[in-house]
file run08.pdb (PDB, N, CA and C atoms)
ATOM      1  N   MET A 659      64.908  23.053 142.855  1.00  0.00           N
ATOM      2  CA  MET A 659      64.887  24.086 143.875  1.00  0.00           C
ATOM      3  C   MET A 659      66.296  24.643 144.030  1.00  0.00           C
ATOM      4  N   LYS A 660      66.417  25.915 143.961  1.00  0.00           N
ATOM      5  CA  LYS A 660      67.718  26.555 144.118  1.00  0.00           C
ATOM      6  C   LYS A 660      67.859  27.029 145.560  1.00  0.00           C
ATOM      7  N   LEU A 661      68.957  26.668 146.177  1.00  0.00           N
ATOM      8  CA  LEU A 661      69.207  27.045 147.560  1.00  0.00           C
ATOM      9  C   LEU A 661      70.162  28.222 147.614  1.00  0.00           C
ATOM     10  N   GLU A 662      69.966  29.075 148.591  1.00  0.00           N
ATOM     11  CA  GLU A 662      70.910  30.151 148.837  1.00  0.00           C
ATOM     12  C   GLU A 662      72.208  29.531 149.357  1.00  0.00           C
ATOM     13  N   THR A 663      73.287  30.267 149.297  1.00  0.00           N
ATOM     14  CA  THR A 663      74.595  29.740 149.667  1.00  0.00           C
ATOM     15  C   THR A 663      74.629  29.194 151.090  1.00  0.00           C
ATOM     16  N   MET A 664      74.071  29.906 152.049  1.00  0.00           N
ATOM     17  CA  MET A 664      74.099  29.438 153.440  1.00  0.00           C
ATOM     18  C   MET A 664      73.242  28.185 153.610  1.00  0.00           C
ATOM     19  N   ASP A 665      72.075  28.133 152.957  1.00  0.00           N
ATOM     20  CA  ASP A 665      71.227  26.948 153.026  1.00  0.00           C
ATOM     21  C   ASP A 665      71.929  25.757 152.393  1.00  0.00           C
ATOM     22  N   PHE A 666      72.582  25.985 151.265  1.00  0.00           N
ATOM     23  CA  PHE A 666      73.322  24.928 150.579  1.00  0.00           C
ATOM     24  C   PHE A 666      74.436  24.407 151.468  1.00  0.00           C
ATOM     25  N   LYS A 667      75.157  25.309 152.093  1.00  0.00           N
ATOM     26  CA  LYS A 667      76.276  24.928 152.961  1.00  0.00           C
ATOM     27  C   LYS A 667      75.783  24.097 154.140  1.00  0.00           C
ATOM     28  N   LYS A 668      74.708  24.511 154.791  1.00  0.00           N
ATOM     29  CA  LYS A 668      74.161  23.764 155.927  1.00  0.00           C
ATOM     30  C   LYS A 668      73.713  22.370 155.512  1.00  0.00           C
ATOM     31  N   GLN A 669      73.015  22.288 154.384  1.00  0.00           N
ATOM     32  CA  GLN A 669      72.525  20.989 153.923  1.00  0.00           C
ATOM     33  C   GLN A 669      73.688  20.083 153.530  1.00  0.00           C
ATOM     34  N   LEU A 670      74.682  20.619 152.853  1.00  0.00           N
ATOM     35  CA  LEU A 670      75.843  19.828 152.468  1.00  0.00           C
ATOM     36  C   LEU A 670      76.591  19.324 153.701  1.00  0.00           C
ATOM     37  N   GLN A 671      76.746  20.164 154.717  1.00  0.00           N
ATOM     38  CA  GLN A 671      77.411  19.743 155.954  1.00  0.00           C
ATOM     39  C   GLN A 671      76.679  18.571 156.600  1.00  0.00           C
ATOM     40  N   GLN A 672      75.357  18.624 156.609  1.00  0.00           N
ATOM     41  CA  GLN A 672      74.570  17.540 157.190  1.00  0.00           C
ATOM     42  C   GLN A 672      74.809  16.237 156.452  1.00  0.00           C
ATOM     43  N   TYR A 673      74.734  16.274 155.141  1.00  0.00           N
ATOM     44  CA  TYR A 673      74.875  15.047 154.355  1.00  0.00           C
ATOM     45  C   TYR A 673      76.296  14.500 154.378  1.00  0.00           C
ATOM     46  N   ILE A 674      77.283  15.351 154.479  1.00  0.00           N
ATOM     47  CA  ILE A 674      78.670  14.887 154.555  1.00  0.00           C
ATOM     48  C   ILE A 674      78.881  14.064 155.820  1.00  0.00           C
ATOM     49  N   GLN A 675      78.185  14.407 156.889  1.00  0.00           N
ATOM     50  CA  GLN A 675      78.329  13.677 158.151  1.00  0.00           C
ATOM     51  C   GLN A 675      77.714  12.286 158.099  1.00  0.00           C
ATOM     52  N   PHE A 676      76.715  12.062 157.258  1.00  0.00           N
ATOM     53  CA  PHE A 676      76.075  10.754 157.149  1.00  0.00           C
ATOM     54  C   PHE A 676      76.949   9.840 156.300  1.00  0.00           C
ATOM     55  N   ARG A 677      77.455   8.775 156.883  1.00  0.00           N
ATOM     56  CA  ARG A 677      78.366   7.875 156.170  1.00  0.00           C
ATOM     57  C   ARG A 677      77.633   6.921 155.232  1.00  0.00           C
ATOM     58  N   GLY A 678      76.327   6.789 155.379  1.00  0.00           N
ATOM     59  CA  GLY A 678      75.574   5.870 154.534  1.00  0.00           C
ATOM     60  C   GLY A 678      75.105   6.485 153.228  1.00  0.00           C
ATOM     61  N   ILE A 679      75.565   7.672 152.922  1.00  0.00           N
ATOM     62  CA  ILE A 679      75.141   8.372 151.712  1.00  0.00           C
ATOM     63  C   ILE A 679      76.344   8.578 150.802  1.00  0.00           C
ATOM     64  N   ASP A 680      76.192   8.199 149.539  1.00  0.00           N
ATOM     65  CA  ASP A 680      77.220   8.488 148.540  1.00  0.00           C
ATOM     66  C   ASP A 680      76.950   9.886 147.991  1.00  0.00           C
ATOM     67  N   ILE A 681      78.000  10.662 147.818  1.00  0.00           N
ATOM     68  CA  ILE A 681      77.868  12.041 147.353  1.00  0.00           C
ATOM     69  C   ILE A 681      78.725  12.246 146.117  1.00  0.00           C
ATOM     70  N   ILE A 682      78.105  12.804 145.086  1.00  0.00           N
ATOM     71  CA  ILE A 682      78.832  13.144 143.858  1.00  0.00           C
ATOM     72  C   ILE A 682      78.699  14.643 143.653  1.00  0.00           C
ATOM     73  N   LEU A 683      79.849  15.314 143.522  1.00  0.00           N
ATOM     74  CA  LEU A 683      79.896  16.753 143.312  1.00  0.00           C
ATOM     75  C   LEU A 683      80.075  17.045 141.829  1.00  0.00           C
ATOM     76  N   HIS A 684      79.309  17.972 141.310  1.00  0.00           N
ATOM     77  CA  HIS A 684      79.460  18.457 139.936  1.00  0.00           C
ATOM     78  C   HIS A 684      80.054  19.859 140.035  1.00  0.00           C
ATOM     79  N   LEU A 685      81.203  20.039 139.423  1.00  0.00           N
ATOM     80  CA  LEU A 685      81.943  21.294 139.561  1.00  0.00           C
ATOM     81  C   LEU A 685      81.766  22.202 138.352  1.00  0.00           C
ATOM     82  N   LYS A 686      82.082  23.478 138.542  1.00  0.00           N
ATOM     83  CA  LYS A 686      81.938  24.481 137.484  1.00  0.00           C
ATOM     84  C   LYS A 686      82.774  24.170 136.248  1.00  0.00           C
ATOM     85  N   ASP A 687      83.903  23.484 136.432  1.00  0.00           N
ATOM     86  CA  ASP A 687      84.769  23.174 135.287  1.00  0.00           C
ATOM     87  C   ASP A 687      84.272  21.964 134.485  1.00  0.00           C
ATOM     88  N   GLY A 688      83.111  21.405 134.867  1.00  0.00           N
ATOM     89  CA  GLY A 688      82.528  20.285 134.135  1.00  0.00           C
ATOM     90  C   GLY A 688      82.910  18.924 134.686  1.00  0.00           C
ATOM     91  N   SER A 689      83.801  18.865 135.652  1.00  0.00           N
ATOM     92  CA  SER A 689      84.222  17.584 136.213  1.00  0.00           C
ATOM     93  C   SER A 689      83.261  17.149 137.324  1.00  0.00           C
ATOM     94  N   THR A 690      83.331  15.860 137.643  1.00  0.00           N
ATOM     95  CA  THR A 690      82.552  15.314 138.747  1.00  0.00           C
ATOM     96  C   THR A 690      83.497  14.591 139.696  1.00  0.00           C
ATOM     97  N   LEU A 691      83.186  14.665 140.969  1.00  0.00           N
ATOM     98  CA  LEU A 691      83.987  14.007 141.997  1.00  0.00           C
ATOM     99  C   LEU A 691      83.070  13.208 142.902  1.00  0.00           C
ATOM    100  N   GLU A 692      83.434  11.968 143.168  1.00  0.00           N
ATOM    101  CA  GLU A 692      82.703  11.168 144.128  1.00  0.00           C
ATOM    102  C   GLU A 692      83.452  11.230 145.453  1.00  0.00           C
ATOM    103  N   LEU A 693      82.721  11.564 146.510  1.00  0.00           N
ATOM    104  CA  LEU A 693      83.339  11.654 147.827  1.00  0.00           C
ATOM    105  C   LEU A 693      83.310  10.287 148.484  1.00  0.00           C
ATOM    106  N   ASP A 694      84.460   9.845 148.975  1.00  0.00           N
ATOM    107  CA  ASP A 694      84.536   8.601 149.727  1.00  0.00           C
ATOM    108  C   ASP A 694      83.897   8.817 151.089  1.00  0.00           C
ATOM    109  N   LYS A 695      83.772   7.750 151.834  1.00  0.00           N
ATOM    110  CA  LYS A 695      83.182   7.838 153.171  1.00  0.00           C
ATOM    111  C   LYS A 695      84.048   8.671 154.115  1.00  0.00           C
ATOM    112  N   ASN A 696      85.338   8.749 153.837  1.00  0.00           N
ATOM    113  CA  ASN A 696      86.270   9.511 154.659  1.00  0.00           C
ATOM    114  C   ASN A 696      86.330  10.944 154.132  1.00  0.00           C
ATOM    115  N   ARG A 697      85.328  11.720 154.493  1.00  0.00           N
ATOM    116  CA  ARG A 697      85.197  13.091 153.995  1.00  0.00           C
ATOM    117  C   ARG A 697      84.797  13.988 155.154  1.00  0.00           C
ATOM    118  N   LYS A 698      85.046  15.287 154.986  1.00  0.00           N
ATOM    119  CA  LYS A 698      84.618  16.244 156.002  1.00  0.00           C
ATOM    120  C   LYS A 698      84.537  17.621 155.381  1.00  0.00           C
ATOM    121  N   MET A 699      83.983  18.533 156.144  1.00  0.00           N
ATOM    122  CA  MET A 699      83.845  19.903 155.677  1.00  0.00           C
ATOM    123  C   MET A 699      84.329  20.835 156.776  1.00  0.00           C
ATOM    124  N   GLU A 700      85.191  21.761 156.394  1.00  0.00           N
ATOM    125  CA  GLU A 700      85.703  22.772 157.313  1.00  0.00           C
ATOM    126  C   GLU A 700      85.452  24.134 156.697  1.00  0.00           C
ATOM    127  N   GLY A 701      84.571  24.880 157.310  1.00  0.00           N
ATOM    128  CA  GLY A 701      84.213  26.188 156.760  1.00  0.00           C
ATOM    129  C   GLY A 701      83.542  26.027 155.413  1.00  0.00           C
ATOM    130  N   ASP A 702      84.082  26.668 154.392  1.00  0.00           N
ATOM    131  CA  ASP A 702      83.537  26.589 153.032  1.00  0.00           C
ATOM    132  C   ASP A 702      84.290  25.583 152.166  1.00  0.00           C
ATOM    133  N   ILE A 703      85.089  24.728 152.777  1.00  0.00           N
ATOM    134  CA  ILE A 703      85.925  23.781 152.051  1.00  0.00           C
ATOM    135  C   ILE A 703      85.479  22.347 152.333  1.00  0.00           C
ATOM    136  N   VAL A 704      85.246  21.582 151.265  1.00  0.00           N
ATOM    137  CA  VAL A 704      84.976  20.153 151.377  1.00  0.00           C
ATOM    138  C   VAL A 704      86.318  19.446 151.230  1.00  0.00           C
ATOM    139  N   ILE A 705      86.625  18.581 152.176  1.00  0.00           N
ATOM    140  CA  ILE A 705      87.890  17.851 152.154  1.00  0.00           C
ATOM    141  C   ILE A 705      87.599  16.419 151.747  1.00  0.00           C
ATOM    142  N   ARG A 706      88.177  16.035 150.628  1.00  0.00           N
ATOM    143  CA  ARG A 706      87.989  14.697 150.073  1.00  0.00           C
ATOM    144  C   ARG A 706      89.272  13.916 150.308  1.00  0.00           C
ATOM    145  N   ASN A 707      89.181  12.852 151.085  1.00  0.00           N
ATOM    146  CA  ASN A 707      90.331  11.988 151.336  1.00  0.00           C
ATOM    147  C   ASN A 707      90.228  10.756 150.442  1.00  0.00           C
ATOM    148  N   ASN A 708      91.210  10.588 149.586  1.00  0.00           N
ATOM    149  CA  ASN A 708      91.231   9.452 148.677  1.00  0.00           C
ATOM    150  C   ASN A 708      91.737   8.201 149.382  1.00  0.00           C
ATOM    151  N   ARG A 709      91.508   7.071 148.786  1.00  0.00           N
ATOM    152  CA  ARG A 709      91.973   5.807 149.367  1.00  0.00           C
ATOM    153  C   ARG A 709      93.488   5.707 149.399  1.00  0.00           C
ATOM    154  N   ASP A 710      94.155   6.430 148.493  1.00  0.00           N
ATOM    155  CA  ASP A 710      95.617   6.393 148.465  1.00  0.00           C
ATOM    156  C   ASP A 710      96.250   7.417 149.407  1.00  0.00           C
ATOM    157  N   GLY A 711      95.434   8.069 150.247  1.00  0.00           N
ATOM    158  CA  GLY A 711      95.942   8.985 151.248  1.00  0.00           C
ATOM    159  C   GLY A 711      96.046  10.431 150.809  1.00  0.00           C
ATOM    160  N   LYS A 712      95.708  10.732 149.569  1.00  0.00           N
ATOM    161  CA  LYS A 712      95.778  12.108 149.078  1.00  0.00           C
ATOM    162  C   LYS A 712      94.494  12.857 149.437  1.00  0.00           C
ATOM    163  N   GLN A 713      94.647  14.147 149.637  1.00  0.00           N
ATOM    164  CA  GLN A 713      93.501  14.990 149.936  1.00  0.00           C
ATOM    165  C   GLN A 713      93.220  15.933 148.779  1.00  0.00           C
ATOM    166  N   SER A 714      91.932  16.183 148.547  1.00  0.00           N
ATOM    167  CA  SER A 714      91.507  17.202 147.601  1.00  0.00           C
ATOM    168  C   SER A 714      90.672  18.208 148.366  1.00  0.00           C
ATOM    169  N   LEU A 715      90.903  19.480 148.118  1.00  0.00           N
ATOM    170  CA  LEU A 715      90.139  20.540 148.754  1.00  0.00           C
ATOM    171  C   LEU A 715      89.259  21.193 147.703  1.00  0.00           C
ATOM    172  N   ILE A 716      87.958  21.243 147.974  1.00  0.00           N
ATOM    173  CA  ILE A 716      87.008  21.808 147.028  1.00  0.00           C
ATOM    174  C   ILE A 716      86.229  22.915 147.735  1.00  0.00           C
ATOM    175  N   HIS A 717      86.326  24.123 147.229  1.00  0.00           N
ATOM    176  CA  HIS A 717      85.578  25.244 147.804  1.00  0.00           C
ATOM    177  C   HIS A 717      84.128  25.134 147.334  1.00  0.00           C
ATOM    178  N   ILE A 718      83.170  25.464 148.209  1.00  0.00           N
ATOM    179  CA  ILE A 718      81.764  25.291 147.833  1.00  0.00           C
ATOM    180  C   ILE A 718      81.359  26.203 146.675  1.00  0.00           C
ATOM    181  N   GLU A 719      82.112  27.262 146.422  1.00  0.00           N
ATOM    182  CA  GLU A 719      81.815  28.130 145.282  1.00  0.00           C
ATOM    183  C   GLU A 719      82.068  27.417 143.948  1.00  0.00           C
ATOM    184  N   GLU A 720      82.873  26.353 143.964  1.00  0.00           N
ATOM    185  CA  GLU A 720      83.173  25.592 142.749  1.00  0.00           C
ATOM    186  C   GLU A 720      82.099  24.552 142.434  1.00  0.00           C
ATOM    187  N   ILE A 721      81.207  24.292 143.382  1.00  0.00           N
ATOM    188  CA  ILE A 721      80.190  23.250 143.223  1.00  0.00           C
ATOM    189  C   ILE A 721      78.924  23.851 142.626  1.00  0.00           C
ATOM    190  N   ILE A 722      78.430  23.236 141.538  1.00  0.00           N
ATOM    191  CA  ILE A 722      77.186  23.719 140.948  1.00  0.00           C
ATOM    192  C   ILE A 722      76.016  22.791 141.250  1.00  0.00           C
ATOM    193  N   LYS A 723      76.312  21.525 141.544  1.00  0.00           N
ATOM    194  CA  LYS A 723      75.246  20.556 141.779  1.00  0.00           C
ATOM    195  C   LYS A 723      75.805  19.412 142.602  1.00  0.00           C
ATOM    196  N   VAL A 724      74.943  18.839 143.446  1.00  0.00           N
ATOM    197  CA  VAL A 724      75.343  17.689 144.272  1.00  0.00           C
ATOM    198  C   VAL A 724      74.280  16.614 144.142  1.00  0.00           C
ATOM    199  N   ASP A 725      74.728  15.372 143.908  1.00  0.00           N
ATOM    200  CA  ASP A 725      73.816  14.233 143.882  1.00  0.00           C
ATOM    201  C   ASP A 725      74.063  13.392 145.129  1.00  0.00           C
ATOM    202  N   PHE A 726      72.977  12.981 145.785  1.00  0.00           N
ATOM    203  CA  PHE A 726      73.055  12.135 146.973  1.00  0.00           C
ATOM    204  C   PHE A 726      72.396  10.807 146.657  1.00  0.00           C
ATOM    205  N   TYR A 727      73.061   9.717 147.027  1.00  0.00           N
ATOM    206  CA  TYR A 727      72.546   8.381 146.804  1.00  0.00           C
ATOM    207  C   TYR A 727      72.633   7.593 148.097  1.00  0.00           C
ATOM    208  N   ALA A 728      71.572   6.871 148.418  1.00  0.00           N
ATOM    209  CA  ALA A 728      71.606   5.975 149.573  1.00  0.00           C
ATOM    210  C   ALA A 728      72.482   4.785 149.233  1.00  0.00           C
ATOM    211  N   ALA A 729      73.432   4.491 150.110  1.00  0.00           N
ATOM    212  CA  ALA A 729      74.378   3.401 149.847  1.00  0.00           C
ATOM    213  C   ALA A 729      73.809   2.079 150.306  1.00  0.00           C
TER     214      ALA A 729
END
call {"tool": "encode", "arguments": {"input": "run08.pdb", "output": "structure tokens"}}
result
Amino acid sequence: MKLETMDFKKQLQQYIQFRGIDIILHLKDGSTLELDKNRKMEGDIVIRNNRDGKQSLIHIEEIIKVDFYAA
């Protein structure tokens, strides 16, 4: 099922708030990123906080697919 951008954004925001779900982002450049439990979303930007204290900012336009797993 393909979601429109606003529907995708709303659904992604919901799942980011649930700490019991593991999230893996598949990006347009072919890379994949696993989001730690310490994650959030501000506007169209997903903020990934690494265990070493570094942040990664991912714009939702860069995401082509998201996998959700129950932890």
call {"tool": "select_by_dssp", "arguments": {"input": "run08.pdb", "residues": "stretch 686-726 of chain A", "states": "strand (DSSP E)", "output": "PyMOL selection string"}}
result
chain A and resi 690-693+697-700+703-707+713-717+721-726
call {"tool": "closest_residue", "arguments": {"input": "run08.pdb", "among": "A:Arg706, A:Leu683, A:Thr690, A:Met699", "to": "A:Lys668", "atoms": "only C-alpha atoms"}}
result
A:Met699
call {"tool": "closest_residue", "arguments": {"input": "run08.pdb", "among": "A:His717, A:Lys712, A:Lys667, A:Lys695", "to": "A:Ile681", "atoms": "only N, CA and C atoms"}}
result
A:Lys695
call {"tool": "residues_around", "arguments": {"input": "run08.pdb", "residues": "A:Ile674", "least_positions_apart": "3", "cutoff": "9 Å", "atoms": "only C-alpha atoms", "output": "VMD selection string"}}
result
chain A and resid 669 to 671 677 679 to 681 693 695 697 to 699 704
call {"tool": "atom_distance", "arguments": {"input": "run08.pdb", "atom1": "atom CA of A:Asp710", "atom2": "atom CA of A:Ile722"}}
result
26.4 Å
call {"tool": "axis_aligned_box", "arguments": {"input": "run08.pdb", "around": "stretch 669-687 of chain A", "padding_each_side": "5 Å", "output": "AutoDock Vina command-line options"}}
result
--center_x 78.6 --center_y 15.2 --center_z 146.3 --size_x 22.2 --size_y 28.6 --size_z 33.7
call {"tool": "resolve_selection", "arguments": {"input": "run08.pdb", "expression": "the PyMOL selection byres ((chain A and resi 727) around 8)", "output": "PDB file with N, CA and C atoms, in the frame of the given file"}}
result
ATOM      1  N   GLY A 678      76.327   6.789 155.379  1.00  0.00           N
ATOM      2  CA  GLY A 678      75.574   5.870 154.534  1.00  0.00           C
ATOM      3  C   GLY A 678      75.105   6.485 153.228  1.00  0.00           C
ATOM      4  N   ILE A 679      75.565   7.672 152.922  1.00  0.00           N
ATOM      5  CA  ILE A 679      75.141   8.372 151.712  1.00  0.00           C
ATOM      6  C   ILE A 679      76.344   8.578 150.802  1.00  0.00           C
ATOM      7  N   ASP A 680      76.192   8.199 149.539  1.00  0.00           N
ATOM      8  CA  ASP A 680      77.220   8.488 148.540  1.00  0.00           C
ATOM      9  C   ASP A 680      76.950   9.886 147.991  1.00  0.00           C
ATOM     10  N   ILE A 681      78.000  10.662 147.818  1.00  0.00           N
ATOM     11  CA  ILE A 681      77.868  12.041 147.353  1.00  0.00           C
ATOM     12  C   ILE A 681      78.725  12.246 146.117  1.00  0.00           C
ATOM     13  N   ILE A 682      78.105  12.804 145.086  1.00  0.00           N
ATOM     14  CA  ILE A 682      78.832  13.144 143.858  1.00  0.00           C
ATOM     15  C   ILE A 682      78.699  14.643 143.653  1.00  0.00           C
ATOM     16  N   VAL A 724      74.943  18.839 143.446  1.00  0.00           N
ATOM     17  CA  VAL A 724      75.343  17.689 144.272  1.00  0.00           C
ATOM     18  C   VAL A 724      74.280  16.614 144.142  1.00  0.00           C
ATOM     19  N   ASP A 725      74.728  15.372 143.908  1.00  0.00           N
ATOM     20  CA  ASP A 725      73.816  14.233 143.882  1.00  0.00           C
ATOM     21  C   ASP A 725      74.063  13.392 145.129  1.00  0.00           C
ATOM     22  N   PHE A 726      72.977  12.981 145.785  1.00  0.00           N
ATOM     23  CA  PHE A 726      73.055  12.135 146.973  1.00  0.00           C
ATOM     24  C   PHE A 726      72.396  10.807 146.657  1.00  0.00           C
ATOM     25  N   ALA A 728      71.572   6.871 148.418  1.00  0.00           N
ATOM     26  CA  ALA A 728      71.606   5.975 149.573  1.00  0.00           C
ATOM     27  C   ALA A 728      72.482   4.785 149.233  1.00  0.00           C
ATOM     28  N   ALA A 729      73.432   4.491 150.110  1.00  0.00           N
ATOM     29  CA  ALA A 729      74.378   3.401 149.847  1.00  0.00           C
ATOM     30  C   ALA A 729      73.809   2.079 150.306  1.00  0.00           C
TER      31      ALA A 729
END
call {"tool": "atom_distance", "arguments": {"input": "run08.pdb", "atom1": "atom CA of A:Ile716", "atom2": "atom C of A:Asp702"}}
result
6.9 Å
call {"tool": "atom_distance", "arguments": {"input": "run08.pdb", "atom1": "atom N of A:Asn707", "atom2": "atom CA of A:Met664"}}
result
22.5 Å
call {"tool": "select_by_dssp", "arguments": {"input": "run08.pdb", "residues": "chain A", "states": "helix (DSSP H, G or I)", "output": "number ranges by chain"}}
result
A: 663-675, 718-720
